[in-house]
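The block underneath contains the structure these notes are about, expressed in structure tokens.
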Amino acid sequence: MVSRVIPVDPFDLVIFGGTGDLARRKILPGLYRRFVAGQMPEDARIIGAARSDLADESYRADIREALVEFIGKGKLSEEQMAAFLSRLHYVAIDATGESGWKALAALMRENVVRAFYFSVAPGLFGELAERLHAHGVANSESRIVIEKPFGRDLESARELNRTLAAHFDETQIYRIDHYLGKETVQNLMAVRFGNVLFEPLWNSQYVDHIQITVAETVGVGGRGGYYDRSGAMRDMVQNHLMQLLCLIAMEPPARFEPDEVRDEKLKVIRALEPVERDDIVRGQYAAKGKIASYHADVDDDDSITESFIAMKLHVSNWRWAGTPFYVRTGKRLRARQSEIAVVFKDAPHSIFGAAAGRHRNILTIRLQPNEGMTLGVTIKEPGPGGMRLVDVPLDMSFADALGPDADEIPEAYERLVMDVMRGNQTLFMRGDEVEAAWAWTDPIIEGWERREDAPVPYEPGSSGPEESAMLLHRENRRWREIRE
Ligand code: NAD
């Protein structure tokens, strides 16, 4: 593959929460891979900043362990690892106090990109923004990267936007939704807007319905406390599923530029109709064998937080009137599978008669596992014996299509961090987008809370509650199977 990567200017990247789980598991391994790919400029530096009192050398030793754990020893070269680790520095800092800020200010260089990654608890985002400003660590060119969750409702998201806006311009704020950094998600835009084939059919005249599934096999694990205050709607739908829906449903932007793309996404969120109660199924996983129930995982027998949600949504505009979007996500499901399926309508008339059966084109965009796209087409079953039809996939798995280079496809986090360094906001959420998403989600959650609606139980390892299947059955449709 010929590399036509856009170069990155020298930078100082400060990772607040540089000793935390996200930094060790995703951000630093991602930066290492970009370093190995030759995308990190000569004098770029990464500065871990967290509460623990550590010397540079101890921090490097800790991150070396993280690289071994999350990339794997076999994939690491000692020489490259040493060169990468020499770019790392550490400052002990208190986001809620004054200690460490002078040292950080003294470490920052002039004439390089300054970026600050807020990989700390959301309660600290506002304080960090204020202190960065107050201590003169950030300047008018600096960029800040904000992790999810961005608020827990419209009011808190507005408040956070206001706090950030007091110190940073919108062009300096990069709100992460790592789904947008996935190769397939961007490929979805390439396929839609780079080919003449799909866009003429991409509307309610030809699309019967769309399914978006994000299924996980894990339970809430060690995040029980956080998750139980959020649930699937806040944790997954308001951000990730909504972003996927936007990319599928949006009108073609005039250019692939940050605000052009984000303006179109915003219009989709604003066109979402409120959801009818009958069109939502909330579930909570029960116990099965050795697998603990949701209640046991969060240590609260009375919890009515959902670990699964399925919904039928409508985008009220000319393009999509009459085409439902079914979205579902949940934990402890049969397989780890994320995909978008665009299910096209039947051919208007079958010349092959009823015996040929029902055949439909389905474009499947797989986010995981095996990122790729498949277009199901109908052909004649080979061989004699009359005209029998069969559906076959036109498959484009990146690993197959790109061969050994597929390994070089950057993971979501590394791509997004490098986009921050390039100053490209296209794959980051704008403040008004996040607020519009909460404005749509809030009344639904408020309704559950007011009525104290309890979710229905479902069996771990299943596809969610039976009621979720019914959501489609009643309209003579069915979910695509969740399987490895
Ligand atoms: P974590 O608890 O593992 O790490 C928190 C980090 O913040 C530590 O480095 C800690 O030293 C530092 N810290 C805590 N209080 C501080 C203070 N007062 N001053 C300075 N530093 C302080 O958390 P995490 O799992 O790495 O998550 C970080 C952020 O990323 C959170 O906002 C979380 O919601 C988000 N996030 C995490 C994941 C994930 O997979 N871990 C996924 C998506 C989003």
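For the structure tokens, the naming scheme is as follows: chains receive sequential letters (A, B, ...) according to their order of presentation, residues are indexed from 1 within each chain, and ligands are indexed from 1 in presentation order.
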Could you make a table, as JSON lines, of the residues of chain A that have an atom within 9 Å of an atom of ligand 1, each with its nearest atom pair and distance in Å to one decimal, counting only C-alpha atoms and all ligand atoms, in chain and number order?
{"residue": "A:Ile15", "atom": "CA", "partner": "ligand 1", "partner_atom_place_in_ligand_line": "9 (O)", "distance": 8.8}
{"residue": "A:Phe16", "atom": "CA", "partner": "ligand 1", "partner_atom_place_in_ligand_line": "21 (N)", "distance": 6.0}
{"residue": "A:Gly17", "atom": "CA", "partner": "ligand 1", "partner_atom_place_in_ligand_line": "9 (O)", "distance": 3.3}
{"residue": "A:Gly18", "atom": "CA", "partner": "ligand 1", "partner_atom_place_in_ligand_line": "9 (O)", "distance": 4.9}
{"residue": "A:Thr19", "atom": "CA", "partner": "ligand 1", "partner_atom_place_in_ligand_line": "9 (O)", "distance": 3.8}
{"residue": "A:Gly20", "atom": "CA", "partner": "ligand 1", "partner_atom_place_in_ligand_line": "4 (O)", "distance": 3.3}
{"residue": "A:Asp21", "atom": "CA", "partner": "ligand 1", "partner_atom_place_in_ligand_line": "26 (O)", "distance": 3.7}
{"residue": "A:Leu22", "atom": "CA", "partner": "ligand 1", "partner_atom_place_in_ligand_line": "26 (O)", "distance": 3.7}
{"residue": "A:Ala23", "atom": "CA", "partner": "ligand 1", "partner_atom_place_in_ligand_line": "26 (O)", "distance": 5.8}
{"residue": "A:Arg24", "atom": "CA", "partner": "ligand 1", "partner_atom_place_in_ligand_line": "26 (O)", "distance": 7.6}
{"residue": "A:Arg25", "atom": "CA", "partner": "ligand 1", "partner_atom_place_in_ligand_line": "40 (O)", "distance": 7.6}
{"residue": "A:Lys26", "atom": "CA", "partner": "ligand 1", "partner_atom_place_in_ligand_line": "40 (O)", "distance": 7.7}
{"residue": "A:Gly48", "atom": "CA", "partner": "ligand 1", "partner_atom_place_in_ligand_line": "9 (O)", "distance": 8.5}
{"residue": "A:Ala49", "atom": "CA", "partner": "ligand 1", "partner_atom_place_in_ligand_line": "21 (N)", "distance": 6.6}
{"residue": "A:Ala50", "atom": "CA", "partner": "ligand 1", "partner_atom_place_in_ligand_line": "21 (N)", "distance": 3.8}
{"residue": "A:Arg51", "atom": "CA", "partner": "ligand 1", "partner_atom_place_in_ligand_line": "21 (N)", "distance": 4.5}
{"residue": "A:Ser52", "atom": "CA", "partner": "ligand 1", "partner_atom_place_in_ligand_line": "11 (O)", "distance": 6.0}
{"residue": "A:Ala92", "atom": "CA", "partner": "ligand 1", "partner_atom_place_in_ligand_line": "20 (C)", "distance": 7.6}
{"residue": "A:Ile93", "atom": "CA", "partner": "ligand 1", "partner_atom_place_in_ligand_line": "20 (C)", "distance": 5.3}
{"residue": "A:Asp94", "atom": "CA", "partner": "ligand 1", "partner_atom_place_in_ligand_line": "19 (N)", "distance": 3.7}
{"residue": "A:Ala95", "atom": "CA", "partner": "ligand 1", "partner_atom_place_in_ligand_line": "19 (N)", "distance": 3.7}
{"residue": "A:Thr96", "atom": "CA", "partner": "ligand 1", "partner_atom_place_in_ligand_line": "18 (N)", "distance": 5.1}
{"residue": "A:Gly97", "atom": "CA", "partner": "ligand 1", "partner_atom_place_in_ligand_line": "18 (N)", "distance": 7.4}
{"residue": "A:Phe118", "atom": "CA", "partner": "ligand 1", "partner_atom_place_in_ligand_line": "29 (C)", "distance": 7.0}
{"residue": "A:Ser119", "atom": "CA", "partner": "ligand 1", "partner_atom_place_in_ligand_line": "29 (C)", "distance": 4.1}
{"residue": "A:Val120", "atom": "CA", "partner": "ligand 1", "partner_atom_place_in_ligand_line": "28 (C)", "distance": 4.0}
{"residue": "A:Ala121", "atom": "CA", "partner": "ligand 1", "partner_atom_place_in_ligand_line": "32 (O)", "distance": 4.0}
{"residue": "A:Pro122", "atom": "CA", "partner": "ligand 1", "partner_atom_place_in_ligand_line": "32 (O)", "distance": 4.7}
{"residue": "A:Gly123", "atom": "CA", "partner": "ligand 1", "partner_atom_place_in_ligand_line": "32 (O)", "distance": 8.1}
{"residue": "A:Leu124", "atom": "CA", "partner": "ligand 1", "partner_atom_place_in_ligand_line": "18 (N)", "distance": 7.1}
{"residue": "A:Phe125", "atom": "CA", "partner": "ligand 1", "partner_atom_place_in_ligand_line": "32 (O)", "distance": 8.3}
{"residue": "A:Leu128", "atom": "CA", "partner": "ligand 1", "partner_atom_place_in_ligand_line": "19 (N)", "distance": 8.5}
{"residue": "A:Ile146", "atom": "CA", "partner": "ligand 1", "partner_atom_place_in_ligand_line": "32 (O)", "distance": 7.9}
{"residue": "A:Glu147", "atom": "CA", "partner": "ligand 1", "partner_atom_place_in_ligand_line": "35 (C)", "distance": 5.2}
{"residue": "A:Lys148", "atom": "CA", "partner": "ligand 1", "partner_atom_place_in_ligand_line": "44 (C)", "distance": 5.0}
{"residue": "A:Pro149", "atom": "CA", "partner": "ligand 1", "partner_atom_place_in_ligand_line": "34 (O)", "distance": 5.6}
{"residue": "A:Phe150", "atom": "CA", "partner": "ligand 1", "partner_atom_place_in_ligand_line": "32 (O)", "distance": 8.6}
{"residue": "A:Ile176", "atom": "CA", "partner": "ligand 1", "partner_atom_place_in_ligand_line": "44 (C)", "distance": 8.7}
{"residue": "A:Asp177", "atom": "CA", "partner": "ligand 1", "partner_atom_place_in_ligand_line": "43 (C)", "distance": 8.5}
{"residue": "A:His178", "atom": "CA", "partner": "ligand 1", "partner_atom_place_in_ligand_line": "43 (C)", "distance": 8.1}
{"residue": "A:Arg223", "atom": "CA", "partner": "ligand 1", "partner_atom_place_in_ligand_line": "25 (O)", "distance": 8.9}
{"residue": "A:Tyr226", "atom": "CA", "partner": "ligand 1", "partner_atom_place_in_ligand_line": "34 (O)", "distance": 8.6}
Discussion item. Report as a count of residues only all protein, DNA and RNA residues lying within 10 Å of segment 166-169 of chain A, evaluated on only C-alpha atoms, omitting residues in the same chain fewer than 2 positions from it.
Written reply: 22
Using only C-alpha atoms, tabulate the residues of segment 315-370 of chain A lying at most 12 Å from any atom of segment 275-280 of chain A, each with its closest atom pair and that distance in Å to one decimal, by chain and increasing residue number, as JSON lines.
{"residue": "A:Val315", "atom": "CA", "partner": "A:Val275", "partner_atom": "CA", "distance": 10.6}
{"residue": "A:Ser316", "atom": "CA", "partner": "A:Val275", "partner_atom": "CA", "distance": 11.8}
{"residue": "A:Pro324", "atom": "CA", "partner": "A:Asp279", "partner_atom": "CA", "distance": 10.7}
{"residue": "A:Phe325", "atom": "CA", "partner": "A:Asp279", "partner_atom": "CA", "distance": 11.0}
{"residue": "A:Tyr326", "atom": "CA", "partner": "A:Asp279", "partner_atom": "CA", "distance": 9.4}
{"residue": "A:Val327", "atom": "CA", "partner": "A:Ile280", "partner_atom": "CA", "distance": 9.8}
{"residue": "A:Arg328", "atom": "CA", "partner": "A:Ile280", "partner_atom": "CA", "distance": 9.7}
{"residue": "A:Thr329", "atom": "CA", "partner": "A:Ile280", "partner_atom": "CA", "distance": 12.0}
Extract the full set of strand (DSSP E) residues from segment 165-302 of chain A according to DSSP on the backbone, and format it as a compact mmCIF listing (two decimals) with all heavy atoms, in the first residue's frame.
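That gives us part.txt:
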# COMPACT_ATOMS: atom_id res chain seq x y z
N ILE A 173 -11.80 22.12 20.83
CA ILE A 173 -12.36 21.04 21.67
C ILE A 173 -12.64 19.79 20.82
O ILE A 173 -13.38 19.85 19.83
CB ILE A 173 -13.67 21.51 22.36
CG1 ILE A 173 -13.40 22.80 23.15
CG2 ILE A 173 -14.22 20.42 23.28
CD1 ILE A 173 -14.65 23.45 23.73
N TYR A 174 -12.06 18.67 21.23
CA TYR A 174 -12.21 17.40 20.51
C TYR A 174 -12.94 16.41 21.41
O TYR A 174 -12.34 15.84 22.33
CB TYR A 174 -10.82 16.86 20.12
CG TYR A 174 -10.14 17.70 19.08
CD1 TYR A 174 -9.63 18.96 19.39
CD2 TYR A 174 -10.03 17.25 17.77
CE1 TYR A 174 -9.02 19.74 18.42
CE2 TYR A 174 -9.42 18.04 16.79
CZ TYR A 174 -8.93 19.28 17.13
OH TYR A 174 -8.33 20.05 16.16
N ARG A 175 -14.25 16.23 21.17
CA ARG A 175 -15.03 15.29 21.99
C ARG A 175 -14.97 13.92 21.33
O ARG A 175 -15.42 13.75 20.19
CB ARG A 175 -16.49 15.75 22.09
CG ARG A 175 -16.67 17.03 22.87
CD ARG A 175 -18.11 17.50 22.83
NE ARG A 175 -18.22 18.89 23.29
CZ ARG A 175 -17.90 19.96 22.56
NH1 ARG A 175 -17.48 19.81 21.30
NH2 ARG A 175 -18.02 21.17 23.04
N VAL A 207 -35.03 1.48 0.49
CA VAL A 207 -34.56 0.81 1.72
C VAL A 207 -35.78 0.46 2.58
O VAL A 207 -36.56 1.33 2.95
CB VAL A 207 -33.58 1.72 2.50
CG1 VAL A 207 -33.16 1.04 3.81
CG2 VAL A 207 -32.37 2.05 1.65
N ASP A 208 -35.92 -0.83 2.88
CA ASP A 208 -37.04 -1.27 3.70
C ASP A 208 -36.84 -0.84 5.15
O ASP A 208 -37.72 -0.28 5.77
CB ASP A 208 -37.15 -2.80 3.62
CG ASP A 208 -38.29 -3.31 4.48
OD1 ASP A 208 -39.46 -3.12 4.07
OD2 ASP A 208 -38.04 -3.86 5.57
N HIS A 209 -35.67 -1.16 5.69
CA HIS A 209 -35.35 -0.73 7.05
C HIS A 209 -33.85 -0.86 7.28
O HIS A 209 -33.13 -1.44 6.46
CB HIS A 209 -36.12 -1.55 8.08
CG HIS A 209 -35.64 -2.96 8.21
ND1 HIS A 209 -36.03 -3.98 7.37
CD2 HIS A 209 -34.81 -3.53 9.10
CE1 HIS A 209 -35.45 -5.11 7.74
NE2 HIS A 209 -34.70 -4.87 8.78
N ILE A 210 -33.42 -0.31 8.38
CA ILE A 210 -31.99 -0.36 8.74
C ILE A 210 -31.87 -0.92 10.15
O ILE A 210 -32.71 -0.61 11.01
CB ILE A 210 -31.38 1.05 8.63
CG1 ILE A 210 -31.22 1.39 7.14
CG2 ILE A 210 -30.02 1.14 9.33
CD1 ILE A 210 -31.02 2.80 6.80
N GLN A 211 -30.88 -1.77 10.36
CA GLN A 211 -30.65 -2.32 11.70
C GLN A 211 -29.25 -1.91 12.16
O GLN A 211 -28.29 -2.02 11.42
CB GLN A 211 -30.70 -3.85 11.67
CG GLN A 211 -32.02 -4.41 11.24
CD GLN A 211 -32.08 -5.94 11.39
OE1 GLN A 211 -31.24 -6.56 12.05
NE2 GLN A 211 -33.10 -6.53 10.80
N ILE A 212 -29.19 -1.49 13.40
CA ILE A 212 -27.88 -1.20 13.99
C ILE A 212 -27.77 -2.04 15.27
O ILE A 212 -28.63 -1.92 16.16
CB ILE A 212 -27.70 0.29 14.33
CG1 ILE A 212 -27.89 1.15 13.06
CG2 ILE A 212 -26.34 0.55 14.95
CD1 ILE A 212 -27.81 2.66 13.29
N THR A 213 -26.78 -2.89 15.33
CA THR A 213 -26.61 -3.77 16.49
C THR A 213 -25.21 -3.58 17.08
O THR A 213 -24.23 -3.61 16.35
CB THR A 213 -26.73 -5.26 16.06
OG1 THR A 213 -28.04 -5.47 15.55
CG2 THR A 213 -26.48 -6.20 17.23
N VAL A 214 -25.17 -3.36 18.37
CA VAL A 214 -23.88 -3.39 19.07
C VAL A 214 -24.05 -4.35 20.24
O VAL A 214 -24.66 -4.01 21.26
CB VAL A 214 -23.45 -1.99 19.57
CG1 VAL A 214 -22.14 -2.08 20.36
CG2 VAL A 214 -23.27 -1.03 18.39
N ALA A 215 -23.58 -5.58 20.04
CA ALA A 215 -23.78 -6.63 21.05
C ALA A 215 -22.47 -6.93 21.74
O ALA A 215 -21.43 -7.06 21.09
CB ALA A 215 -24.31 -7.89 20.37
N ILE A 280 -40.07 0.59 22.33
CA ILE A 280 -38.83 0.44 23.12
C ILE A 280 -38.91 -0.83 23.95
O ILE A 280 -39.93 -1.10 24.58
CB ILE A 280 -38.63 1.61 24.11
CG1 ILE A 280 -38.67 2.96 23.40
CG2 ILE A 280 -37.33 1.45 24.88
CD1 ILE A 280 -38.41 4.15 24.30
N VAL A 281 -37.84 -1.60 23.96
CA VAL A 281 -37.73 -2.75 24.85
C VAL A 281 -36.48 -2.57 25.70
O VAL A 281 -35.39 -2.37 25.16
CB VAL A 281 -37.62 -4.08 24.07
CG1 VAL A 281 -37.43 -5.25 25.02
CG2 VAL A 281 -38.85 -4.28 23.19
N ARG A 282 -36.66 -2.60 27.00
CA ARG A 282 -35.50 -2.53 27.89
C ARG A 282 -35.33 -3.88 28.57
O ARG A 282 -36.31 -4.49 29.01
CB ARG A 282 -35.71 -1.48 28.97
CG ARG A 282 -35.72 -0.08 28.43
CD ARG A 282 -36.20 0.87 29.50
NE ARG A 282 -35.19 1.12 30.52
CZ ARG A 282 -35.45 1.12 31.83
NH1 ARG A 282 -36.65 0.83 32.28
NH2 ARG A 282 -34.48 1.40 32.70
N GLY A 283 -34.10 -4.34 28.66
CA GLY A 283 -33.85 -5.64 29.28
C GLY A 283 -32.74 -5.56 30.30
O GLY A 283 -31.95 -4.61 30.33
N GLN A 284 -32.69 -6.59 31.13
CA GLN A 284 -31.63 -6.68 32.14
C GLN A 284 -31.24 -8.14 32.25
O GLN A 284 -32.12 -9.01 32.36
CB GLN A 284 -32.20 -6.18 33.47
CG GLN A 284 -31.19 -5.86 34.51
CD GLN A 284 -31.86 -5.42 35.80
OE1 GLN A 284 -32.58 -6.19 36.42
NE2 GLN A 284 -31.63 -4.19 36.20
N TYR A 285 -29.94 -8.46 32.20
CA TYR A 285 -29.58 -9.87 32.17
C TYR A 285 -29.82 -10.56 33.51
O TYR A 285 -29.60 -10.00 34.57
CB TYR A 285 -28.17 -10.13 31.62
CG TYR A 285 -27.01 -9.47 32.32
CD1 TYR A 285 -26.43 -10.03 33.46
CD2 TYR A 285 -26.46 -8.30 31.82
CE1 TYR A 285 -25.33 -9.44 34.07
CE2 TYR A 285 -25.37 -7.69 32.44
CZ TYR A 285 -24.82 -8.27 33.57
OH TYR A 285 -23.74 -7.67 34.18
Item to complete: Identify which of the residues A:Ile248, A:Glu260, A:Arg422, A:Ala106 lies closest to Phe11 of chain A, counting only C-alpha atoms when measuring atom-to-atom distances.
Response: A:Arg422
Worksheet item: If we count only C-alpha atoms, what is near Leu31 of chain A at a cut-off of 10 Å, once residues fewer than 6 positions away on the same chain are taken out, given as a list in words?
Response: Ala37, Gln39, Met40, Ile46, Phe84, Pro410, Tyr413, Glu414, Arg415, Val417 and Met418 of chain A
